[in-house]
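Visitor: The structure under discussion is supplied below as structure tokens; questions concerning it will follow.
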Amino acid sequence: MSEANTTPEHGPKKLRPRHITMITLGGIIGSSLFVGSSSIVHSVGPAAVVSYLVGGLLVYLAMLMLGEMAAARPEIGSFMEYARVGMADWAAYLVGWLYWYFWVGVLAYEAVIGGHTLHGWLEWLPSWLWSLLLLAVFVVSNLISVRSFGEAEFWLASIKVIAIVVFLVVGTLFVLGLWPDGDFTVQNLWQHGGFAPQGFGAILTGVALVIFSYFGTEIAVMASAESEDPAKGVKLATVTVIWRVLLFFVGSILIITMAIPWQDLPEATGVANAPFTVLFEKFNIPAASNIMELVIFSAVLSVLNSGLYSASRMFAALADKGLAPKAVSYQAKNGVPVVAVFASTIGGVIAAIANFVAPNSGIFDFIMNSAGLVALFVYVFIALTQLRLRQKMSPEEADALQVKVRFFPWLNALLIAGVLAVVIIMLTTDTGRTQVWTSLVATGVLVLFWPVVRRKLQRMRAQDKQEAYATVD
């Protein structure tokens with residue numbers, strides 16, 4: 001291994017800029033865009049474009065704030081560690097465990113979806129066994145090395161990116177009437193009940209629905225700490241990649257709402273009537289349904305891969321700071337937190353099996369719903385932490401920042417206000433209320449265990465102090 005890829009402080013550096021880019025895109029672009037966007041358009045109308053834009057801008061603000069902190073101090077576990085330094089141990093404890101819990105739920109969800117998909121293709125194994133096999137595959141991918149994870153994510157994410165780029169290019173030609181059998185259909189944006197046929201209030205409701213589709217951008221900042229050039233990786237993630245994400249999400253919804261009247265879009269319940277499938281068939285692309293089935297399956301695999309990476313790194317970071325069992329922080333010679341990888345997978349396995357063994361017990365639904373507010377919690381913690389850390393800086397230190405949030409602290413206030421608005425909107429719907437209350441229950445359980453963890457931290461620090469005194473003597 002060359003010296004350029006190794007530093008004594010952070011161990012082997014094995015992720016390259018291309019990996020960081022695709023890790024970000026891979027962590028975000030999933031079935032929520034390919035399939036779930038249909039329900040958003042039905043709820044909002046063509047103005048769903050604005051919902052995606054506003055939601056994306058809120059995430060962009062969070063990424064800028066996280067990027068400022070990460071460029072100055074690249075850390076594995078990133079915002080958890082910044083919350084500890086900028087606020088206090090309790091903040092790191094809450095945001096770290098909630099984030100890990102979220103990805104455990106995602107692992108379970110994607111494993112279940114992947115298992116059902118494989119069972120549909122190869123019926124000689126039950127769905128639950130396919131789900132476990134998928135989890136096993138990505139445990140191996142993550143255990144081999146950081147680079148193997150990055151390579152797997154690069155190629156899996158590339159499939160999704162290629163599909164979206166083709167969709168955007170062909171879709172643009174189609175709505176402008178420049179594609180064979182295509183007509184000029186831009187007027188679909190306003191001709192069927194207006195741009196916001198469900199009312200402008202529905203746009204805000206749409207923001208509450210779409211903001212969770214963007215969750216995952218922070219993976220790139222975590223991964224940049226294991227890259228060859230952390231500062232460059234953070235800049236790439238925060239400044240460049242987020243605009244690509246906005247282009248993919250907002251651009252795709254714009255094409256969908258221009259190419260077909262919003263009320264004619266099928267209520268997607270699967271790949272066959274998903275917006276991308278419907279429009280690829282309208283573009284006369286052969287075997288559109290089969291192609292999209294493969295693309296969406298690759299999206300499932302990509303999120304499994306990046307989700308296991310995120311969960312394991314956060315779990316290991318928690319353990320390293322004394323906020324989780326110390327054994328979880330163990331790293332193999334290749335720099336992979338082995339115990340954290342297995343522990344995160346076990347959580348996903350339990351949740352996945354609960355769905356198959358006791359589908360009516362509500363266990364799986366509780367896990368999924370109670371992780372619903374994690375994205376919003378994380379964004380608030382990022383805004384507050386960046387606020388505190390910037391306040392502690394001297395003017396000279398602030399001027400030297402490689403990535404810097406402008407209009408400080410007004411953008412922090414805007415992000416926090418935006419998150420609060422989303423939560424209030426969620427409380428107006430049955431599904432939203434369920435997510436809010438179950439998330440608060442999960443958070444309450446963590447709060448109950450905090451006194452135990454705090455006493456453990458105090459004992460550890462007292463012991464470290466005694467050892468330091470003994471060394472001096």
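Residues in the structure tokens are numbered from 1 in each chain, the chains being A, B, ... in the order shown, and ligands are numbered from 1 in the order shown.
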Write out as a PyMOL selection string the residues lying within 9 Å of stretch 378-389 of chain A, counting only C-alpha atoms and excluding same-chain residues fewer than 2 positions away.

Guide: chain A and resi 58-59+61-63+65-66+68-69+79-80+82-87+91+95-96+98-99+373-376+391-393+408-409+411-413+415-416+419

Visitor: Please write the residues from the selection above to a file, keeping N, CA, C and O atoms, as a compact mmCIF listing (two decimals), in the first residue's frame.

Guide:
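After the write, out.txt holds the following:
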# COMPACT_ATOMS: atom_id res chain seq x y z
N LEU A 58 -33.81 21.97 1.62
CA LEU A 58 -33.61 21.77 3.06
C LEU A 58 -32.45 20.80 3.30
O LEU A 58 -31.60 21.02 4.16
N VAL A 59 -32.42 19.73 2.52
CA VAL A 59 -31.34 18.75 2.65
C VAL A 59 -30.02 19.38 2.23
O VAL A 59 -28.97 19.12 2.84
N LEU A 61 -29.13 22.47 2.61
CA LEU A 61 -28.65 23.29 3.74
C LEU A 61 -27.98 22.40 4.79
O LEU A 61 -26.91 22.74 5.32
N ALA A 62 -28.61 21.26 5.09
CA ALA A 62 -28.02 20.34 6.08
C ALA A 62 -26.67 19.83 5.60
O ALA A 62 -25.72 19.72 6.39
N MET A 63 -26.56 19.53 4.31
CA MET A 63 -25.30 19.03 3.77
C MET A 63 -24.21 20.10 3.81
O MET A 63 -23.04 19.81 4.06
N MET A 65 -23.93 22.50 6.02
CA MET A 65 -23.52 22.63 7.42
C MET A 65 -22.66 21.44 7.85
O MET A 65 -21.64 21.61 8.52
N LEU A 66 -23.08 20.26 7.44
CA LEU A 66 -22.28 19.08 7.74
C LEU A 66 -20.94 19.15 7.02
O LEU A 66 -19.90 18.78 7.58
N GLU A 68 -19.23 21.82 6.19
CA GLU A 68 -18.34 22.77 6.86
C GLU A 68 -17.61 22.11 8.01
O GLU A 68 -16.39 22.25 8.17
N MET A 69 -18.35 21.34 8.81
CA MET A 69 -17.74 20.68 9.97
C MET A 69 -16.80 19.56 9.53
O MET A 69 -15.70 19.39 10.08
N PHE A 79 -21.39 13.41 12.00
CA PHE A 79 -22.25 14.32 12.75
C PHE A 79 -22.48 13.87 14.19
O PHE A 79 -22.76 14.68 15.05
N MET A 80 -22.33 12.57 14.47
CA MET A 80 -22.41 12.12 15.87
C MET A 80 -21.26 12.71 16.68
O MET A 80 -21.46 13.23 17.78
N TYR A 82 -19.49 15.40 15.87
CA TYR A 82 -19.63 16.85 15.92
C TYR A 82 -20.66 17.26 16.97
O TYR A 82 -20.50 18.29 17.64
N ALA A 83 -21.72 16.47 17.10
CA ALA A 83 -22.73 16.75 18.13
C ALA A 83 -22.11 16.63 19.52
O ALA A 83 -22.43 17.41 20.43
N ARG A 84 -21.21 15.68 19.70
CA ARG A 84 -20.55 15.50 20.99
C ARG A 84 -19.64 16.68 21.32
O ARG A 84 -19.66 17.22 22.42
N VAL A 85 -18.86 17.12 20.32
CA VAL A 85 -17.93 18.23 20.53
C VAL A 85 -18.68 19.56 20.64
O VAL A 85 -18.38 20.39 21.50
N GLY A 86 -19.66 19.77 19.77
CA GLY A 86 -20.34 21.05 19.74
C GLY A 86 -21.40 21.22 20.81
O GLY A 86 -21.63 22.35 21.28
N MET A 87 -22.03 20.12 21.21
CA MET A 87 -23.11 20.22 22.19
C MET A 87 -22.75 19.47 23.47
O MET A 87 -22.28 20.05 24.42
N ALA A 91 -26.18 14.53 23.24
CA ALA A 91 -26.57 14.79 21.85
C ALA A 91 -25.97 13.74 20.93
O ALA A 91 -26.65 13.23 20.02
N VAL A 95 -28.33 11.12 18.70
CA VAL A 95 -28.31 11.18 17.24
C VAL A 95 -27.61 9.94 16.67
O VAL A 95 -28.02 9.41 15.63
N GLY A 96 -26.59 9.44 17.35
CA GLY A 96 -25.87 8.27 16.86
C GLY A 96 -26.72 7.01 16.90
O GLY A 96 -26.80 6.27 15.91
N LEU A 98 -30.06 6.81 17.14
CA LEU A 98 -31.23 6.95 16.27
C LEU A 98 -30.84 6.70 14.81
O LEU A 98 -31.58 6.06 14.06
N TYR A 99 -29.68 7.20 14.44
CA TYR A 99 -29.22 7.02 13.06
C TYR A 99 -28.96 5.54 12.79
O TYR A 99 -29.34 5.01 11.74
N LEU A 373 -38.87 9.69 11.82
CA LEU A 373 -38.44 11.06 12.10
C LEU A 373 -36.92 11.21 12.23
O LEU A 373 -36.44 12.31 12.47
N VAL A 374 -36.19 10.11 12.08
CA VAL A 374 -34.75 10.18 12.29
C VAL A 374 -34.09 11.21 11.38
O VAL A 374 -33.22 11.97 11.81
N ALA A 375 -34.49 11.23 10.11
CA ALA A 375 -33.92 12.19 9.18
C ALA A 375 -34.07 13.61 9.70
O ALA A 375 -33.12 14.41 9.68
N LEU A 376 -35.27 13.93 10.20
CA LEU A 376 -35.52 15.28 10.70
C LEU A 376 -34.73 15.57 11.97
O LEU A 376 -34.20 16.67 12.15
N GLN A 391 -19.76 29.30 16.52
CA GLN A 391 -19.71 30.31 17.57
C GLN A 391 -18.42 30.21 18.40
O GLN A 391 -17.95 31.21 18.94
N LYS A 392 -17.87 29.00 18.49
CA LYS A 392 -16.65 28.78 19.26
C LYS A 392 -15.39 29.18 18.49
O LYS A 392 -14.30 29.25 19.06
N MET A 393 -15.52 29.43 17.18
CA MET A 393 -14.36 29.75 16.34
C MET A 393 -13.99 31.23 16.45
O MET A 393 -14.85 32.09 16.64
N PHE A 408 -24.68 32.94 7.88
CA PHE A 408 -24.73 32.36 9.22
C PHE A 408 -25.22 33.43 10.20
O PHE A 408 -24.79 34.58 10.12
N PRO A 409 -26.12 33.14 11.15
CA PRO A 409 -26.78 31.86 11.43
C PRO A 409 -28.19 31.75 10.85
O PRO A 409 -28.96 30.91 11.28
N LEU A 411 -29.34 30.74 7.95
CA LEU A 411 -29.67 29.49 7.28
C LEU A 411 -29.93 28.37 8.29
O LEU A 411 -30.73 27.46 8.04
N ASN A 412 -29.24 28.42 9.44
CA ASN A 412 -29.51 27.44 10.50
C ASN A 412 -30.95 27.57 10.98
O ASN A 412 -31.65 26.57 11.14
N ALA A 413 -31.37 28.82 11.21
CA ALA A 413 -32.74 29.07 11.67
C ALA A 413 -33.75 28.61 10.60
O ALA A 413 -34.80 28.05 10.93
N LEU A 415 -33.37 26.20 8.36
CA LEU A 415 -33.43 24.74 8.32
C LEU A 415 -34.26 24.20 9.49
O LEU A 415 -35.12 23.33 9.31
N ILE A 416 -34.02 24.72 10.68
CA ILE A 416 -34.76 24.26 11.86
C ILE A 416 -36.25 24.58 11.71
O ILE A 416 -37.12 23.74 12.01
N VAL A 419 -37.81 22.13 9.28
CA VAL A 419 -38.04 20.81 9.89
C VAL A 419 -39.27 20.84 10.78
O VAL A 419 -40.11 19.93 10.75

Visitor: Using only C-alpha atoms, determine which residues lie at most 12 Å from A:Gly201, disregarding the query and same-chain residues fewer than 6 positions distant; provide the list as a PyMOL selection string.

Guide: chain A and resi 43-45+47-48+50-51+207-208+425+428

Visitor: Which residue gives the smallest distance to A:Leu173 among A:Leu446, A:Met258, A:Ala71, A:Ala196, with only C-alpha atoms counted?

Guide: A:Met258

Visitor: Report the residues of stretch 239-472 of chain A whose backbone DSSP state falls under alpha helix (DSSP H), written as a ChimeraX atom specification.

Guide: /A:242-259,275-282,288-320,338-357,363-370,374-391,395-399,410-426,430-472

Visitor: Between atom CA of A:Trp155 and atom CA of A:Val140, what is the spacing in Å?

Guide: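 Computing the Euclidean distance for atom CA of A:Val140 and atom CA of A:Trp155 yields 16.4 Å.
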
Visitor: Need to verify the contact set: A:Thr434, 10 Å, only C-alpha atoms, exclusion of same-chain residues closer than 4 positions in sequence. Can you return it as a VMD selection string?

Guide: chain A and resid 366 369 to 370 372 426 to 427 429 to 430 438 to 440

Visitor: Write the residues you've just listed into a file as a PDB file, in the first residue's frame, and include C-alpha atoms for each of them.

Guide:
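Below you can see result_38.pdb, which holds the result:
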ATOM      1  CA  PHE A 366     -43.330  -0.368  14.326  1.00  0.00           C
ATOM      2  CA  ASN A 369     -42.590   3.837  11.424  1.00  0.00           C
ATOM      3  CA  SER A 370     -40.509   4.601  14.514  1.00  0.00           C
ATOM      4  CA  GLY A 372     -39.555   7.872  10.344  1.00  0.00           C
ATOM      5  CA  MET A 426     -47.048  15.263   9.461  1.00  0.00           C
ATOM      6  CA  LEU A 427     -49.324  15.591  12.493  1.00  0.00           C
ATOM      7  CA  THR A 429     -52.227  13.013   8.492  1.00  0.00           C
ATOM      8  CA  ASP A 430     -52.841   9.557   9.966  1.00  0.00           C
ATOM      9  CA  THR A 438     -43.687   5.869  17.258  1.00  0.00           C
ATOM     10  CA  SER A 439     -40.470   7.824  16.668  1.00  0.00           C
ATOM     11  CA  LEU A 440     -40.997   9.607  19.979  1.00  0.00           C
TER      12      LEU A 440
END

Visitor: Can you list, as a ChimeraX atom specification, every protein, DNA or RNA residue that comes within 7 Å of A:Ile255 when you count only C-alpha atoms, leaving out same-chain residues fewer than 3 positions away?

Guide: /A:171-172,251-252,258-259

Visitor: Considering only C-alpha atoms, return as a list in words whatever protein or nucleic-acid residues lie within 8 Å of A:Ser310, sequence-local ones (same chain, fewer than 4 positions apart) excluded.

Guide: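 Listed by chain and then number, they are Trp100, Trp103, Ile219, Met222, Ser306 and Met314 of chain A.
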
Visitor: Looking at A:Glu293, A:Asp229, A:Asp320, A:Glu123, which one is nearest to A:Pro337, with distances taken over only C-alpha atoms?

Guide: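 Among the listed residues, the smallest separation from A:Pro337 belongs to A:Asp320.
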
Visitor: Quick one: of A:Tyr330, A:Tyr52, A:Phe407, A:Phe449, who's nearest to A:Leu254, counting only C-alpha atoms?

Guide: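 For A:Leu254, the nearest of the candidates is A:Tyr52.
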
Visitor: Restricting the calculation to only C-alpha atoms, which member of A:Leu94, A:Val170, A:Ala70, A:Arg461 is positioned closest to A:Ala442?

Guide: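 So, comparing all the options, the nearest one is A:Leu94.
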